[in-house]
Amino acid sequence: MFLGALIFVAVWCLIALLLRHYPETMAGYNTMPKAKREKIDIQKLGRFVSNVMFAGVPFALLSPLMPSEKLYALMLVGVPAGMLIACAIYVNVRIKKFEK
């Protein structure tokens, strides 16, 4: 179980690093009209989403210590994915914070 958690964390961190350095690859950004794209500070948004992804890593690393398979799965994937969903909701509600 520990190896699975390490592989998940490695892939999760790789995606977070790529998102930090190439934020224009975020879903929906390239399909936005050019006028909207010019208003958004994509570097700031990419750093924010990347930081949220890194905040989920400790939960995934602690997942092998859980006593049951359900808690293991919840800590490994559920909590980091839930944080990412909460991040998406926050960004959509507070979009003014990420405008230039």
# chains A, B, ... in the order shown; residues from 1 in each chain; ligands from 1
call {"tool": "residues_around", "arguments": {"residues": "Glu99 of chain A", "least_positions_apart": "2", "cutoff": "7 Å", "atoms": "only C-alpha atoms", "output": "list in words"}}
result
Lys39, Ile40, Asp41, Ile95, Lys96 and Lys97 of chain A
call {"tool": "select_by_dssp", "arguments": {"residues": "segment 8-91 of chain A", "states": "helix (DSSP H, G or I)", "output": "VMD selection string"}}
result
chain A and resid 8 to 21 23 to 25 34 to 39 42 to 55 57 to 65 69 to 91
call {"tool": "residues_around", "arguments": {"residues": "Gln43 of chain A", "least_positions_apart": "2", "cutoff": "9 Å", "atoms": "only C-alpha atoms", "output": "mmCIF file with N, CA and C atoms, in the first residue's frame"}}
result
data_model
loop_
_atom_site.group_PDB
_atom_site.id
_atom_site.type_symbol
_atom_site.label_atom_id
_atom_site.label_comp_id
_atom_site.auth_asym_id
_atom_site.auth_seq_id
_atom_site.Cartn_x
_atom_site.Cartn_y
_atom_site.Cartn_z
ATOM 1 N N ARG A 20 2.195 24.582 -12.338
ATOM 2 C CA ARG A 20 2.831 25.805 -11.853
ATOM 3 C C ARG A 20 3.661 26.458 -12.964
ATOM 4 N N HIS A 21 4.366 25.642 -13.748
ATOM 5 C CA HIS A 21 5.241 26.193 -14.784
ATOM 6 C C HIS A 21 4.522 26.438 -16.111
ATOM 7 N N TYR A 22 3.446 25.700 -16.361
ATOM 8 C CA TYR A 22 2.673 25.863 -17.598
ATOM 9 C C TYR A 22 1.188 26.023 -17.257
ATOM 10 N N PRO A 23 0.801 27.139 -16.638
ATOM 11 C CA PRO A 23 -0.588 27.301 -16.195
ATOM 12 C C PRO A 23 -1.582 27.426 -17.349
ATOM 13 N N GLU A 24 -1.096 27.751 -18.530
ATOM 14 C CA GLU A 24 -2.016 27.885 -19.653
ATOM 15 C C GLU A 24 -2.607 26.537 -20.082
ATOM 16 N N ILE A 40 -7.384 37.621 -17.011
ATOM 17 C CA ILE A 40 -7.007 36.706 -15.935
ATOM 18 C C ILE A 40 -5.496 36.664 -15.770
ATOM 19 N N ASP A 41 -5.050 36.736 -14.521
ATOM 20 C CA ASP A 41 -3.637 36.569 -14.195
ATOM 21 C C ASP A 41 -3.377 35.067 -14.071
ATOM 22 N N LEU A 45 -3.085 32.322 -10.810
ATOM 23 C CA LEU A 45 -4.048 31.229 -10.718
ATOM 24 C C LEU A 45 -3.347 29.877 -10.736
ATOM 25 N N GLY A 46 -2.349 29.721 -11.589
ATOM 26 C CA GLY A 46 -1.590 28.466 -11.646
ATOM 27 C C GLY A 46 -0.854 28.179 -10.353
ATOM 28 N N ARG A 47 -0.260 29.202 -9.747
ATOM 29 C CA ARG A 47 0.425 29.019 -8.458
ATOM 30 C C ARG A 47 -0.556 28.620 -7.366
ATOM 31 N N PHE A 48 -1.733 29.246 -7.365
ATOM 32 C CA PHE A 48 -2.735 28.942 -6.346
ATOM 33 C C PHE A 48 -3.204 27.496 -6.450
#
call {"tool": "residues_around", "arguments": {"residues": "Val77 of chain A", "least_positions_apart": "4", "cutoff": "9 Å", "atoms": "only C-alpha atoms", "output": "PyMOL selection string"}}
result
chain A and resi 8+59-60+72-73+81-82
call {"tool": "write_last_selection", "arguments": {"atoms": "C-alpha atoms", "output": "JSON list (two decimals), in the first residue's frame"}}
result
[["chain", "number", "residue", "atom", "x", "y", "z"],
["A", 8, "PHE", "CA", 0.18, 8.53, -6.51],
["A", 59, "PHE", "CA", -2.97, 13.24, 3.39],
["A", 60, "ALA", "CA", -1.93, 10.89, 0.61],
["A", 72, "TYR", "CA", -7.01, 4.35, 2.87],
["A", 73, "ALA", "CA", -8.83, 5.18, -0.38],
["A", 81, "ALA", "CA", -9.37, 15.48, -5.04],
["A", 82, "GLY", "CA", -11.86, 17.11, -2.66]]
call {"tool": "atom_distance", "arguments": {"atom1": "atom CA of Leu6 of chain A", "atom2": "atom CA of Met26 of chain A"}}
result
24.4 Å
call {"tool": "closest_residue", "arguments": {"among": "A:Ala35, A:Cys87, A:Ala55, A:Val49", "to": "Leu19 of chain A", "atoms": "only C-alpha atoms"}}
result
A:Val49
call {"tool": "closest_residue", "arguments": {"among": "A:Gly56, A:Pro64, A:Gly78, A:Pro33", "to": "Gly4 of chain A", "atoms": "only C-alpha atoms"}}
result
A:Pro64
call {"tool": "closest_residue", "arguments": {"among": "A:Ser63, A:Thr25, A:Asn51, A:Thr31", "to": "Val79 of chain A", "atoms": "only C-alpha atoms"}}
result
A:Ser63
call {"tool": "residues_around", "arguments": {"residues": "Leu62 of chain A", "least_positions_apart": "3", "cutoff": "10 Å", "atoms": "only C-alpha atoms", "output": "NGL selection string"}}
result
:A and (2 or 5 or 57-59 or 65-66 or 72 or 75-76)
call {"tool": "write_last_selection", "arguments": {"atoms": "N, CA and C atoms", "output": "short mmCIF file (atom, residue, chain, number, x, y, z; two decimals), in the first residue's frame"}}
result
data_model
loop_
_atom_site.label_atom_id
_atom_site.label_comp_id
_atom_site.auth_asym_id
_atom_site.auth_seq_id
_atom_site.Cartn_x
_atom_site.Cartn_y
_atom_site.Cartn_z
N PHE A 2 2.02 1.16 0.64
CA PHE A 2 2.88 2.33 0.71
C PHE A 2 3.42 2.69 -0.67
N ALA A 5 0.82 4.56 -2.61
CA ALA A 5 0.72 5.94 -2.16
C ALA A 5 1.88 6.78 -2.70
N VAL A 57 -0.92 16.54 -0.51
CA VAL A 57 0.12 15.49 -0.47
C VAL A 57 0.26 14.85 0.91
N PRO A 58 0.28 15.59 2.02
CA PRO A 58 0.43 14.93 3.32
C PRO A 58 -0.67 13.91 3.62
N PHE A 59 -1.88 14.20 3.17
CA PHE A 59 -2.97 13.24 3.39
C PHE A 59 -2.72 11.95 2.62
N LEU A 65 -1.27 4.46 6.67
CA LEU A 65 -1.41 4.23 8.11
C LEU A 65 -2.86 4.01 8.53
N MET A 66 -3.80 4.15 7.61
CA MET A 66 -5.22 4.00 7.93
C MET A 66 -5.55 2.53 8.17
N TYR A 72 -8.20 4.25 3.71
CA TYR A 72 -7.01 4.35 2.87
C TYR A 72 -7.35 5.05 1.55
N MET A 75 -8.27 8.80 2.11
CA MET A 75 -7.10 9.65 2.37
C MET A 75 -6.20 9.76 1.14
N LEU A 76 -6.10 8.67 0.37
CA LEU A 76 -5.19 8.67 -0.77
C LEU A 76 -5.71 9.54 -1.92
#
call {"tool": "atom_distance", "arguments": {"atom1": "atom CA of Lys44 of chain A", "atom2": "atom CA of Lys100 of chain A"}}
result
9.4 Å
call {"tool": "atom_distance", "arguments": {"atom1": "atom CA of Leu18 of chain A", "atom2": "atom CA of Asn92 of chain A"}}
result
21.6 Å
call {"tool": "closest_residue", "arguments": {"among": "A:Tyr29, A:Pro80, A:Ile42, A:Arg37", "to": "Trp12 of chain A", "atoms": "only C-alpha atoms"}}
result
A:Pro80
